[in-house]
>>> print(open('model.tsv').read())   # TSV, C-alpha atoms and all ligand atoms
chain	number	residue	atom	x	y	z
D	26	SER	CA	-23.64	9.64	11.10
D	27	ARG	CA	-23.34	5.92	11.80
D	28	SER	CA	-20.13	4.94	13.57
D	29	ILE	CA	-17.34	3.11	11.73
D	30	ARG	CA	-16.72	-0.43	12.90
D	31	LEU	CA	-12.95	-0.64	12.61
D	32	ALA	CA	-10.57	-3.55	13.14
D	33	VAL	CA	-7.06	-2.46	14.03
D	34	ILE	CA	-4.00	-4.65	13.48
D	35	PRO	CA	-0.97	-2.68	14.73
D	36	GLY	CA	1.37	-5.62	14.01
D	37	ASP	CA	5.10	-5.46	14.56
D	38	GLY	CA	7.90	-2.94	15.02
D	39	ILE	CA	6.94	0.61	14.11
D	40	GLY	CA	3.49	-0.69	13.10
D	41	THR	CA	2.21	-0.16	16.66
D	42	GLU	CA	3.80	3.31	16.87
D	43	VAL	CA	2.37	4.68	13.63
D	44	VAL	CA	-1.08	3.13	14.11
D	45	ALA	CA	-1.45	4.90	17.45
D	46	GLU	CA	-1.03	8.23	15.65
D	47	GLY	CA	-3.37	7.22	12.84
D	48	LEU	CA	-6.11	6.43	15.39
D	49	LYS	CA	-5.55	9.73	17.16
D	50	VAL	CA	-6.17	11.60	13.91
D	51	LEU	CA	-9.20	9.44	13.11
D	52	GLU	CA	-10.77	10.26	16.46
D	53	ALA	CA	-10.06	13.98	16.02
D	54	VAL	CA	-11.88	14.15	12.70
D	55	GLY	CA	-15.18	13.87	14.53
D	56	GLN	CA	-16.29	10.60	13.03
D	57	LYS	CA	-17.68	8.06	15.49
D	58	VAL	CA	-15.47	4.99	15.57
D	59	GLU	CA	-15.84	1.68	17.38
D	60	SER	CA	-12.46	0.03	17.10
D	61	THR	CA	-11.24	-3.37	18.17
D	62	THR	CA	-7.53	-4.15	18.28
D	63	TYR	CA	-6.18	-7.53	17.22
D	64	ASP	CA	-2.80	-8.61	18.59
D	65	LEU	CA	-1.65	-10.42	15.45
D	66	GLY	CA	2.05	-10.49	14.60
D	67	ALA	CA	5.37	-11.69	15.98
D	68	LYS	CA	4.38	-11.61	19.66
D	69	ARG	CA	1.28	-13.75	19.15
D	70	TYR	CA	3.23	-16.10	16.88
D	71	HIS	CA	5.91	-16.67	19.53
D	72	ALA	CA	3.34	-17.10	22.30
D	73	THR	CA	0.90	-19.42	20.53
D	74	GLY	CA	2.29	-20.37	17.12
D	75	GLU	CA	-0.70	-18.65	15.53
D	76	THR	CA	-0.47	-16.20	12.64
D	77	LEU	CA	-4.09	-15.67	11.60
D	78	PRO	CA	-6.53	-18.09	13.25
D	79	ASP	CA	-9.58	-18.89	11.10
D	80	ALA	CA	-11.92	-17.58	13.80
D	81	VAL	CA	-10.16	-14.22	13.80
D	82	LEU	CA	-10.30	-14.05	10.01
D	83	ASP	CA	-14.04	-14.70	10.12
D	84	GLU	CA	-14.52	-12.02	12.74
D	85	LEU	CA	-12.56	-9.53	10.63
D	86	ARG	CA	-15.04	-10.03	7.78
D	87	GLY	CA	-17.67	-8.29	9.88
D	88	TYR	CA	-15.95	-4.87	10.07
D	89	ASP	CA	-16.38	-1.85	7.83
D	90	ALA	CA	-12.62	-1.56	7.35
D	91	ILE	CA	-9.26	-2.64	8.71
D	92	LEU	CA	-6.31	-0.43	9.65
D	93	LEU	CA	-2.96	-2.23	9.65
D	94	GLY	CA	0.47	-1.01	10.75
D	95	ALA	CA	3.08	-3.44	9.49
D	96	VAL	CA	4.06	-7.05	9.99
D	97	GLY	CA	7.41	-8.84	9.98
D	98	ASP	CA	10.07	-9.29	12.62
D	99	PRO	CA	13.70	-10.42	12.56
D	100	SER	CA	12.89	-13.09	15.18
D	101	VAL	CA	10.47	-14.83	12.81
D	102	PRO	CA	11.65	-16.60	9.64
D	103	PRO	CA	11.00	-14.44	6.55
D	104	GLY	CA	7.64	-15.15	4.97
D	105	VAL	CA	5.84	-16.59	7.98
D	106	LEU	CA	4.05	-13.40	9.01
D	107	GLU	CA	4.22	-11.81	5.57
D	108	ARG	CA	2.57	-14.77	3.86
D	109	ASP	CA	0.36	-16.32	6.54
D	110	LEU	CA	-0.88	-13.06	8.00
D	111	LEU	CA	-0.62	-10.11	5.61
D	112	LEU	CA	-0.94	-11.84	2.25
D	113	ARG	CA	-3.56	-14.21	3.63
D	114	LEU	CA	-5.67	-11.21	4.62
D	115	ARG	CA	-5.26	-9.66	1.16
D	116	PHE	CA	-6.19	-12.92	-0.55
D	117	GLU	CA	-9.03	-14.03	1.74
D	118	LEU	CA	-10.65	-10.60	1.77
D	119	ASP	CA	-10.24	-10.38	-2.01
D	120	HIS	CA	-8.21	-7.18	-2.02
D	121	TYR	CA	-7.62	-7.36	-5.73
D	122	VAL	CA	-6.78	-3.68	-5.97
D	123	ASN	CA	-3.73	-2.47	-4.08
D	124	LEU	CA	-4.14	1.26	-4.47
D	125	ARG	CA	-0.92	3.24	-4.03
D	126	PRO	CA	-0.91	6.96	-4.77
D	127	VAL	CA	2.48	8.48	-5.60
D	128	LYS	CA	2.04	12.16	-4.95
D	129	LEU	CA	4.53	14.90	-4.14
D	130	PHE	CA	3.01	17.31	-1.64
D	131	PRO	CA	4.03	20.98	-1.89
D	132	GLY	CA	7.01	21.81	0.30
D	133	VAL	CA	8.29	18.24	0.45
D	134	ALA	CA	11.89	17.62	-0.57
D	135	THR	CA	12.35	15.11	-3.38
D	136	PRO	CA	15.61	13.56	-4.55
D	137	LEU	CA	14.50	14.66	-8.04
D	138	GLY	CA	15.62	18.22	-7.37
D	139	GLU	CA	13.67	19.87	-10.17
D	140	ALA	CA	10.40	18.01	-9.81
D	141	ARG	CA	7.27	19.98	-8.89
D	142	PRO	CA	4.12	18.58	-7.29
D	143	GLU	CA	2.37	18.58	-10.69
D	144	ASP	CA	5.15	16.35	-12.07
D	145	ILE	CA	4.69	13.61	-9.47
D	146	ASP	CA	1.01	12.87	-9.18
D	147	MET	CA	0.08	9.34	-10.06
D	148	VAL	CA	-1.82	6.36	-8.75
D	149	VAL	CA	-0.41	2.87	-9.00
D	150	VAL	CA	-3.11	0.23	-9.25
D	151	ARG	CA	-1.21	-2.85	-8.18
D	152	GLU	CA	-2.92	-6.21	-8.61
D	153	GLY	CA	-3.28	-7.72	-5.14
D	154	THR	CA	-4.35	-11.35	-5.28
D	155	GLU	CA	-2.36	-13.05	-8.05
D	156	GLY	CA	0.97	-12.91	-9.86
D	157	PRO	CA	4.00	-14.42	-8.12
D	158	TYR	CA	2.37	-13.82	-4.72
D	159	THR	CA	0.12	-16.89	-4.57
D	160	GLY	CA	2.85	-19.06	-3.09
D	161	ALA	CA	2.71	-21.57	-5.92
D	162	GLY	CA	5.99	-23.22	-6.73
D	163	GLY	CA	8.31	-25.66	-5.12
D	164	VAL	CA	11.77	-26.95	-4.58
D	165	MET	CA	13.59	-30.06	-5.70
D	166	ARG	CA	16.83	-31.47	-4.27
D	167	ARG	CA	16.88	-28.79	-1.57
D	168	GLY	CA	20.30	-28.13	-0.08
D	169	THR	CA	22.17	-29.86	-2.89
D	170	PRO	CA	24.14	-28.22	-5.69
D	171	GLN	CA	21.36	-29.50	-7.99
D	172	GLU	CA	18.64	-27.59	-6.16
D	173	ILE	CA	15.86	-26.19	-8.34
D	174	ALA	CA	13.47	-23.64	-6.88
D	175	THR	CA	10.42	-22.50	-8.82
D	176	GLN	CA	8.03	-19.67	-7.99
D	177	GLU	CA	5.11	-19.42	-10.34
D	178	SER	CA	3.19	-16.36	-11.41
D	179	PHE	CA	-0.56	-16.81	-11.67
D	180	ASN	CA	-2.49	-14.54	-14.00
D	181	THR	CA	-6.14	-15.35	-14.61
D	182	ALA	CA	-8.30	-13.75	-17.28
D	183	PHE	CA	-10.81	-12.92	-14.55
D	184	GLY	CA	-8.23	-11.46	-12.17
D	185	VAL	CA	-6.43	-9.42	-14.81
D	186	GLU	CA	-9.64	-8.03	-16.29
D	187	ARG	CA	-11.14	-6.90	-13.00
D	188	VAL	CA	-8.07	-4.94	-11.92
D	189	ILE	CA	-7.67	-3.41	-15.38
D	190	ARG	CA	-11.32	-2.29	-15.35
D	191	TYR	CA	-10.79	-0.69	-11.96
D	192	ALA	CA	-7.72	1.13	-13.30
D	193	PHE	CA	-9.66	2.43	-16.32
D	194	ASP	CA	-12.38	3.76	-13.99
D	195	LYS	CA	-9.71	5.42	-11.86
D	196	ALA	CA	-8.08	6.99	-14.95
D	197	ARG	CA	-11.45	8.23	-16.15
D	198	SER	CA	-12.00	10.02	-12.84
D	199	ARG	CA	-8.77	12.03	-13.12
D	200	PRO	CA	-8.13	15.10	-15.31
D	201	ARG	CA	-5.45	13.55	-17.52
D	202	LYS	CA	-7.35	10.30	-18.13
D	203	LYS	CA	-4.21	8.36	-18.97
D	204	LEU	CA	-3.58	4.70	-18.15
D	205	THR	CA	-0.18	3.02	-18.50
D	206	LEU	CA	0.21	-0.74	-18.34
D	207	VAL	CA	3.55	-1.67	-16.80
D	208	HIS	CA	4.77	-5.21	-17.42
D	209	LYS	CA	7.61	-7.15	-18.98
D	210	THR	CA	5.91	-8.44	-22.11
D	211	ASN	CA	9.23	-8.87	-23.89
D	212	VAL	CA	10.26	-11.66	-21.50
D	213	LEU	CA	7.20	-12.80	-19.54
D	214	THR	CA	5.41	-13.59	-22.76
D	215	TYR	CA	2.47	-15.67	-21.50
D	216	ALA	CA	1.45	-13.36	-18.68
D	217	GLY	CA	2.37	-10.25	-20.65
D	218	ASP	CA	0.22	-11.34	-23.56
D	219	LEU	CA	-2.80	-11.83	-21.29
D	220	TRP	CA	-2.29	-8.41	-19.67
D	221	SER	CA	-1.83	-6.55	-23.00
D	222	ARG	CA	-4.72	-8.26	-24.78
D	223	THR	CA	-7.01	-7.60	-21.83
D	224	LEU	CA	-5.97	-3.95	-21.69
D	225	GLN	CA	-6.64	-3.52	-25.40
D	226	ARG	CA	-10.02	-5.23	-25.24
D	227	VAL	CA	-11.22	-3.28	-22.18
D	228	ALA	CA	-9.93	-0.02	-23.71
D	229	ALA	CA	-12.81	-0.19	-26.21
D	230	ASP	CA	-15.18	0.56	-23.31
D	231	TYR	CA	-13.15	3.64	-22.34
D	232	PRO	CA	-12.63	5.70	-25.52
D	233	ASP	CA	-12.01	8.79	-23.36
D	234	VAL	CA	-8.97	7.21	-21.64
D	235	THR	CA	-5.55	7.31	-23.34
D	236	THR	CA	-3.54	4.11	-22.93
D	237	ASP	CA	0.17	3.52	-22.96
D	238	TYR	CA	2.55	0.65	-22.30
D	239	CYS	CA	5.91	0.61	-20.55
D	240	HIS	CA	8.28	-2.24	-19.66
D	241	VAL	CA	8.93	-2.32	-15.93
D	242	ASP	CA	12.65	-1.67	-16.24
D	243	ALA	CA	12.08	1.44	-18.32
D	244	ALA	CA	9.23	2.49	-16.02
D	245	SER	CA	11.66	2.35	-13.08
D	246	MET	CA	13.91	4.75	-14.96
D	247	PHE	CA	11.06	7.07	-15.94
D	248	PHE	CA	9.89	7.24	-12.30
D	249	VAL	CA	13.20	8.94	-11.61
D	250	ASN	CA	13.78	11.07	-14.70
D	251	GLN	CA	10.30	11.63	-16.21
D	252	PRO	CA	7.68	10.98	-13.51
D	253	GLU	CA	5.30	13.34	-15.31
D	254	ARG	CA	4.78	10.57	-17.89
D	255	PHE	CA	2.50	8.74	-15.51
D	256	ASP	CA	-1.07	9.32	-14.40
D	257	VAL	CA	-2.62	5.94	-13.54
D	258	ILE	CA	-0.50	2.80	-13.75
D	259	VAL	CA	-1.87	-0.72	-13.72
D	260	THR	CA	0.54	-3.53	-13.03
D	261	ASP	CA	1.27	-6.97	-11.68
D	262	ASN	CA	1.52	-7.65	-7.94
D	263	LEU	CA	5.34	-7.87	-7.78
D	264	PHE	CA	6.13	-5.07	-10.24
D	265	GLY	CA	3.70	-2.90	-8.29
D	266	ASP	CA	5.43	-3.70	-5.02
D	267	ILE	CA	8.82	-2.66	-6.33
D	268	LEU	CA	7.63	0.38	-8.29
D	269	THR	CA	5.78	1.80	-5.30
D	270	ASP	CA	8.90	1.83	-3.13
D	271	ILE	CA	10.58	3.82	-5.92
D	272	GLY	CA	7.45	5.96	-5.99
D	273	ALA	CA	7.72	6.50	-2.25
D	274	ALA	CA	11.34	7.56	-2.59
D	275	ILE	CA	10.67	10.16	-5.30
D	276	ALA	CA	7.65	11.56	-3.47
D	277	GLY	CA	9.48	12.41	-0.26
D	278	GLY	CA	10.23	9.07	1.35
D	279	ILE	CA	8.71	5.83	2.54
D	280	GLY	CA	7.36	7.54	5.65
D	281	LEU	CA	4.80	9.35	3.50
D	282	ALA	CA	3.53	6.54	1.25
D	283	ALA	CA	-0.04	5.39	1.88
D	284	SER	CA	-1.97	2.45	0.51
D	285	GLY	CA	-5.29	0.71	0.43
D	286	ASN	CA	-5.92	-2.98	-0.13
D	287	VAL	CA	-9.28	-2.54	-1.72
D	288	ASN	CA	-12.10	-4.95	-2.35
D	289	PRO	CA	-14.06	-2.87	-4.88
D	290	ASP	CA	-17.00	-5.27	-4.85
D	291	ARG	CA	-17.36	-4.75	-1.07
D	292	THR	CA	-17.80	-8.45	-0.39
D	293	ALA	CA	-15.34	-8.00	2.51
D	294	PRO	CA	-13.73	-5.08	4.32
D	295	SER	CA	-10.87	-3.24	2.66
D	296	MET	CA	-7.62	-2.80	4.57
D	297	PHE	CA	-5.52	0.35	4.75
D	298	GLU	CA	-1.83	0.44	5.65
D	299	PRO	CA	1.35	2.39	5.02
D	300	VAL	CA	3.48	1.05	2.16
D	301	HIS	CA	6.44	0.63	4.52
D	302	GLY	CA	7.22	-2.32	6.76
D	303	SER	CA	7.96	-2.80	10.45
D	304	ALA	CA	11.37	-1.06	10.18
D	305	PRO	CA	13.19	-3.08	12.86
D	306	ASP	CA	16.16	-0.71	12.52
D	307	ILE	CA	14.22	2.17	14.09
D	308	ALA	CA	11.48	0.36	16.02
D	309	GLY	CA	10.81	1.51	19.59
D	310	GLN	CA	12.71	4.76	19.17
D	311	GLY	CA	9.86	7.13	18.28
D	312	LYS	CA	11.60	7.92	14.99
D	313	ALA	CA	9.03	6.54	12.56
D	314	ASP	CA	7.08	9.01	10.48
D	315	PRO	CA	3.35	8.26	11.02
D	316	THR	CA	2.30	10.39	8.03
D	317	ALA	CA	1.93	7.38	5.69
D	318	THR	CA	-0.46	5.78	8.16
D	319	ILE	CA	-2.40	9.02	8.60
D	320	LEU	CA	-2.76	9.34	4.82
D	321	SER	CA	-3.92	5.70	4.78
D	322	VAL	CA	-6.60	6.70	7.29
D	323	ALA	CA	-7.69	9.38	4.80
D	324	MET	CA	-7.95	6.68	2.11
D	325	LEU	CA	-10.00	4.56	4.52
D	326	LEU	CA	-12.44	7.40	5.16
D	327	ASP	CA	-12.71	8.06	1.44
D	328	HIS	CA	-13.41	4.38	0.78
D	329	LEU	CA	-16.26	4.48	3.30
D	330	GLY	CA	-17.79	7.45	1.48
D	331	LEU	CA	-16.75	9.93	4.19
D	332	THR	CA	-15.20	12.21	1.61
D	333	GLU	CA	-15.30	15.38	3.71
D	334	ALA	CA	-13.53	13.74	6.62
D	335	ALA	CA	-11.01	12.22	4.21
D	336	ALA	CA	-10.30	15.60	2.63
D	337	LYS	CA	-9.90	17.17	6.06
D	338	VAL	CA	-7.24	14.64	7.05
D	339	GLU	CA	-5.41	14.96	3.74
D	340	GLN	CA	-5.46	18.76	4.00
D	341	ALA	CA	-4.09	18.62	7.55
D	342	VAL	CA	-1.22	16.45	6.29
D	343	ALA	CA	-0.62	18.76	3.32
D	344	ASP	CA	-0.48	21.80	5.64
D	345	ASP	CA	1.81	19.99	8.05
D	346	LEU	CA	4.15	18.94	5.22
D	347	LEU	CA	4.22	22.43	3.77
D	348	GLU	CA	5.25	23.80	7.12
D	349	ARG	CA	7.88	21.20	7.91
D	350	GLY	CA	9.37	20.88	4.42
D	351	GLY	CA	12.06	18.23	4.22
D	352	ASN	CA	12.97	18.53	7.86
D	353	TRP	CA	10.88	15.76	9.39
D	354	THR	CA	13.53	14.07	11.52
D	355	ALA	CA	13.31	17.00	13.94
D	356	ARG	CA	10.02	15.62	15.28
D	357	SER	CA	9.17	12.36	16.96
D	358	THR	CA	6.43	9.99	15.83
D	359	ARG	CA	4.13	11.36	18.52
D	360	GLU	CA	4.93	15.00	17.77
D	361	ILE	CA	4.05	14.57	14.11
D	362	GLY	CA	0.84	12.78	15.12
D	363	ASP	CA	-0.02	15.53	17.60
D	364	ASP	CA	0.64	18.30	15.07
D	365	ILE	CA	-1.60	16.71	12.44
D	366	THR	CA	-4.25	15.89	15.05
D	367	ALA	CA	-4.31	19.52	16.15
D	368	ARG	CA	-4.86	20.69	12.58
D	369	VAL	CA	-7.66	18.17	12.05
D	370	ALA	CA	-9.36	19.14	15.29
D	371	GLY	CA	-8.84	22.88	14.89
N	1	LIG	P1	10.81	-1.25	5.82
N	1	LIG	O1	9.83	-0.47	5.03
N	1	LIG	O2	10.34	-1.76	7.13
N	1	LIG	O3	12.11	-0.34	6.08
N	1	LIG	C1	12.94	0.14	5.02
N	1	LIG	C2	13.69	1.38	5.50
N	1	LIG	O4	12.78	2.48	5.57
N	1	LIG	C3	14.30	1.23	6.88
N	1	LIG	O5	15.53	1.90	6.95
N	1	LIG	C4	13.29	1.94	7.79
N	1	LIG	O6	13.83	2.47	8.97
N	1	LIG	C5	12.74	3.03	6.88
N	1	LIG	N1	11.35	3.34	7.21
N	1	LIG	C6	10.27	2.55	6.99
N	1	LIG	N2	9.16	3.14	7.44
N	1	LIG	C7	9.52	4.34	7.94
N	1	LIG	C8	8.81	5.41	8.57
N	1	LIG	N3	7.48	5.37	8.76
N	1	LIG	N4	9.50	6.49	8.98
N	1	LIG	C9	10.84	6.55	8.80
N	1	LIG	N5	11.56	5.58	8.23
N	1	LIG	C10	10.92	4.47	7.80
N	1	LIG	O7	11.29	-2.44	4.89
N	1	LIG	P2	12.29	-3.67	5.21
N	1	LIG	O8	13.38	-3.24	6.11
N	1	LIG	O9	12.59	-4.24	3.91
N	1	LIG	O10	11.38	-4.74	5.97
N	1	LIG	C11	11.30	-4.85	7.39
N	1	LIG	C12	10.22	-5.86	7.76
N	1	LIG	O11	8.94	-5.35	7.39
N	1	LIG	C13	10.34	-7.20	7.02
N	1	LIG	O12	9.94	-8.20	7.92
N	1	LIG	C14	9.35	-7.08	5.88
N	1	LIG	O13	8.87	-8.32	5.45
N	1	LIG	C15	8.26	-6.28	6.53
N	1	LIG	N6	7.43	-5.50	5.62
N	1	LIG	C16	6.10	-5.44	5.90
N	1	LIG	C17	5.27	-4.65	5.15
N	1	LIG	C18	3.83	-4.59	5.50
N	1	LIG	O14	3.43	-4.98	6.59
N	1	LIG	N7	2.99	-4.10	4.62
N	1	LIG	C19	5.79	-3.89	4.11
N	1	LIG	C20	7.16	-3.96	3.83
N	1	LIG	C21	7.98	-4.78	4.60
N	2	LIG	C1	4.20	-4.29	0.89
N	2	LIG	C2	5.12	-5.35	1.44
N	2	LIG	C3	4.48	-6.72	1.28
N	2	LIG	C4	4.30	-6.98	-0.20
N	2	LIG	C5	5.24	-7.89	1.94
N	2	LIG	C6	5.57	-7.61	3.38
N	2	LIG	C7	4.46	-9.17	1.83
N	2	LIG	O1	6.36	-5.28	0.84
N	2	LIG	O2	3.06	-4.17	1.40
N	2	LIG	O3	4.60	-3.54	-0.02
N	2	LIG	O4	5.23	-7.46	-0.87
N	2	LIG	O5	3.22	-6.70	-0.71
N	3	MN	MN	6.60	-3.55	-0.48
>>> encode(input="model.tsv", output="structure tokens")
Amino acid sequence: SRSIRLAVIPGDGIGTEVVAEGLKVLEAVGQKVESTTYDLGAKRYHATGETLPDAVLDELRGYDAILLGAVGDPSVPPGVLERDLLLRLRFELDHYVNLRPVKLFPGVATPLGEARPEDIDMVVVREGTEGPYTGAGGVMRRGTPQEIATQESFNTAFGVERVIRYAFDKARSRPRKKLTLVHKTNVLTYAGDLWSRTLQRVAADYPDVTTDYCHVDAASMFFVNQPERFDVIVTDNLFGDILTDIGAAIAGGIGLAASGNVNPDRTAPSMFEPVHGSAPDIAGQGKADPTATILSVAMLLDHLGLTEAAAKVEQAVADDLLERGGNWTARSTREIGDDITARVAG
């Protein structure tokens, strides 16, 4: 088949370590790949002051997909790389769906002692281009006791409807066909009203999908004590960010949580990355679990229609996890990558 034109952004900290393993697995799956690596991140920022030059952004538009490790470094003020590199990519490439499966693989230890794989099997559809992430807001009287900082949440009818429609389609494709809106309609009344009305209106087009609503605080609790409540969740950008770290924790840890920043309309490449960050506390030590990145590679293959290759990678991870159980710290980043690569190749 045609080769995948892939842009790779390893980024900072453990990003470079886990991406190397992800690429190894991708090559082993037998799919032809032409990849180009972009040195965006803290190093480039310190050397040139650049985060994401316009010319690089334009070049990135030409790829089939992007694989990203993580960005953010303690030597760079918070927000510089996160906003001007990562979020700019999500916004400019119109990644309005941030797809984050929360799935407990057999054999994996969960802090929810009793939970079985069938209890933790959901997909969080996190809105990716709006909410409090747009950067709108401001500050008055900065540095004085009278300082006022505002950070606005943007919710457009267009943006809310398109992500809700995607979530309904996703729910329809799964056996349980259940969609839960997670928000905070009891406090964020303007945004919450738009989200609930849109959900109700769109629901008329999906009579086969059951809908439900849950406030985000209660949803956080149910993730821990009744995860089986959830099948597909649709939620705001910030709630989705927070919930998916809880999701990662209940499903075996942040080292296993994969994600896709998806542009469903395919007007630009989608970008796949682990849910975790650059983990400065363990960077450079070969301690990072590359599994989340490898599962993100499976999502990337699936997005490109290479469903067999995607299933092969996911199965290799499932087999690896079943064998290792909860005892992952015994292997280095490279060893885990090698083990999964061997399964994919063999
Ligand atoms: P983090 O996800 O980097 O780390 C949180 C904790 O999880 C740390 O103890 C870390 O060691 C551990 N951890 C993370 N990934 C792991 C892995 N693969 N294997 C084993 N342990 C892992 O979150 P943080 O510490 O809040 O943020 C660090 C930096 O990363 C910040 O600059 C932040 O802005 C950035 N960040 C980037 C992304 C991204 O690029 N998508 C996501 C989250 C955070
Ligand atoms: C994530 C990260 C990012 C987010 C940050 C680094 C901008 O936490 O991918 O979950 O908040 O979306
Ligand atoms: Mn996050």
>>> residues_around(input="model.tsv", residues="Val188 (chain D)", least_positions_apart="5", cutoff="12 Å", atoms="only C-alpha atoms", output="ChimeraX atom specification")
/D:119-124,149-155,180-183,193-195,206,220,223-224,227,258-262,287-290
>>> residues_near_point(input="model.tsv", point="(-7.8, 5.0, -24.6)", cutoff="9 Å", atoms="all atoms listed in the file", output="VMD selection string")
chain D and resid 193 202 to 204 225 228 to 237
>>> closest_atom_pairs(input="model.tsv", of="region 221-309 of chain D", to="region 90-102 of chain D", cutoff="6 Å", atoms="only C-alpha atoms", output="CSV")
residue,atom,partner,partner_atom,distance
D:Pro294,CA,D:Ala90,CA,4.8
D:Ser295,CA,D:Ala90,CA,5.3
D:Met296,CA,D:Ile91,CA,4.5
D:Phe297,CA,D:Leu92,CA,5.0
D:Glu298,CA,D:Leu93,CA,4.9
D:Gly302,CA,D:Ala95,CA,5.1
D:Ser303,CA,D:Ala95,CA,5.0
>>> closest_atom_pairs(input="model.tsv", of="chain D", to="ligand MN 3 (chain N)", cutoff="12 Å", atoms="all atoms listed in the file", output="CSV")
residue,atom,partner,partner_atom,distance
D:Ala95,CA,N:MN3,MN,10.6
D:Val96,CA,N:MN3,MN,11.3
D:Gly97,CA,N:MN3,MN,11.7
D:Glu107,CA,N:MN3,MN,10.5
D:Leu111,CA,N:MN3,MN,11.5
D:Leu112,CA,N:MN3,MN,11.5
D:Asn123,CA,N:MN3,MN,11.0
D:Arg125,CA,N:MN3,MN,10.7
D:Arg151,CA,N:MN3,MN,11.0
D:Gly153,CA,N:MN3,MN,11.7
D:Tyr158,CA,N:MN3,MN,11.9
D:Asn262,CA,N:MN3,MN,9.9
D:Leu263,CA,N:MN3,MN,8.6
D:Phe264,CA,N:MN3,MN,9.9
D:Gly265,CA,N:MN3,MN,8.4
D:Asp266,CA,N:MN3,MN,4.7
D:Ile267,CA,N:MN3,MN,6.3
D:Leu268,CA,N:MN3,MN,8.8
D:Thr269,CA,N:MN3,MN,7.2
D:Asp270,CA,N:MN3,MN,6.4
D:Ile271,CA,N:MN3,MN,10.0
D:Gly272,CA,N:MN3,MN,11.0
D:Ala273,CA,N:MN3,MN,10.3
D:Ile279,CA,N:MN3,MN,10.1
D:Ala282,CA,N:MN3,MN,10.7
D:Ala283,CA,N:MN3,MN,11.4
D:Ser284,CA,N:MN3,MN,10.5
D:Glu298,CA,N:MN3,MN,11.2
D:Pro299,CA,N:MN3,MN,9.6
D:Val300,CA,N:MN3,MN,6.2
D:His301,CA,N:MN3,MN,6.5
D:Gly302,CA,N:MN3,MN,7.4
D:Ser303,CA,N:MN3,MN,11.0
D:Ala304,CA,N:MN3,MN,11.9
>>> closest_residue(input="model.tsv", among="D:Val249, D:Leu114, D:Val127, D:Ala45", to="Asp146 (chain D)", atoms="all atoms listed in the file")
D:Val127
>>> closest_residue(input="model.tsv", among="D:Gly371, D:Gly156, D:Pro170, D:Gly277", to="ligand LIG 2 (chain N)", atoms="all atoms listed in the file")
D:Gly156
>>> closest_residue(input="model.tsv", among="D:Gln310, D:Thr332, D:Asn286, D:Asn250", to="Gly138 (chain D)", atoms="all atoms listed in the file")
D:Asn250
>>> decode(input="model.tsv", residues="region 339-350 of chain D", atoms="N, CA and C atoms", output="compact mmCIF listing (two decimals), in the first residue's frame")
# COMPACT_ATOMS: atom_id res chain seq x y z
N GLU D 339 -2.41 -2.92 18.65
CA GLU D 339 -3.16 -2.96 19.90
C GLU D 339 -3.10 -4.35 20.54
N GLN D 340 -3.17 -5.38 19.71
CA GLN D 340 -3.09 -6.75 20.23
C GLN D 340 -1.73 -7.03 20.85
N ALA D 341 -0.68 -6.52 20.21
CA ALA D 341 0.68 -6.72 20.74
C ALA D 341 0.80 -6.06 22.11
N VAL D 342 0.20 -4.88 22.25
CA VAL D 342 0.22 -4.19 23.55
C VAL D 342 -0.59 -4.99 24.57
N ALA D 343 -1.78 -5.45 24.15
CA ALA D 343 -2.63 -6.22 25.07
C ALA D 343 -1.90 -7.47 25.56
N ASP D 344 -1.21 -8.17 24.64
CA ASP D 344 -0.48 -9.38 25.02
C ASP D 344 0.67 -9.04 25.96
N ASP D 345 1.35 -7.95 25.65
CA ASP D 345 2.47 -7.52 26.48
C ASP D 345 1.98 -7.18 27.89
N LEU D 346 0.86 -6.45 27.97
CA LEU D 346 0.31 -6.05 29.27
C LEU D 346 -0.15 -7.26 30.07
N LEU D 347 -0.75 -8.21 29.37
CA LEU D 347 -1.24 -9.41 30.06
C LEU D 347 -0.06 -10.16 30.69
N GLU D 348 1.04 -10.18 29.95
CA GLU D 348 2.20 -10.90 30.46
C GLU D 348 2.87 -10.15 31.60
N ARG D 349 2.95 -8.83 31.50
CA ARG D 349 3.69 -8.10 32.53
C ARG D 349 2.85 -7.73 33.75
N GLY D 350 1.52 -7.77 33.61
CA GLY D 350 0.66 -7.40 34.73
C GLY D 350 0.97 -6.00 35.22
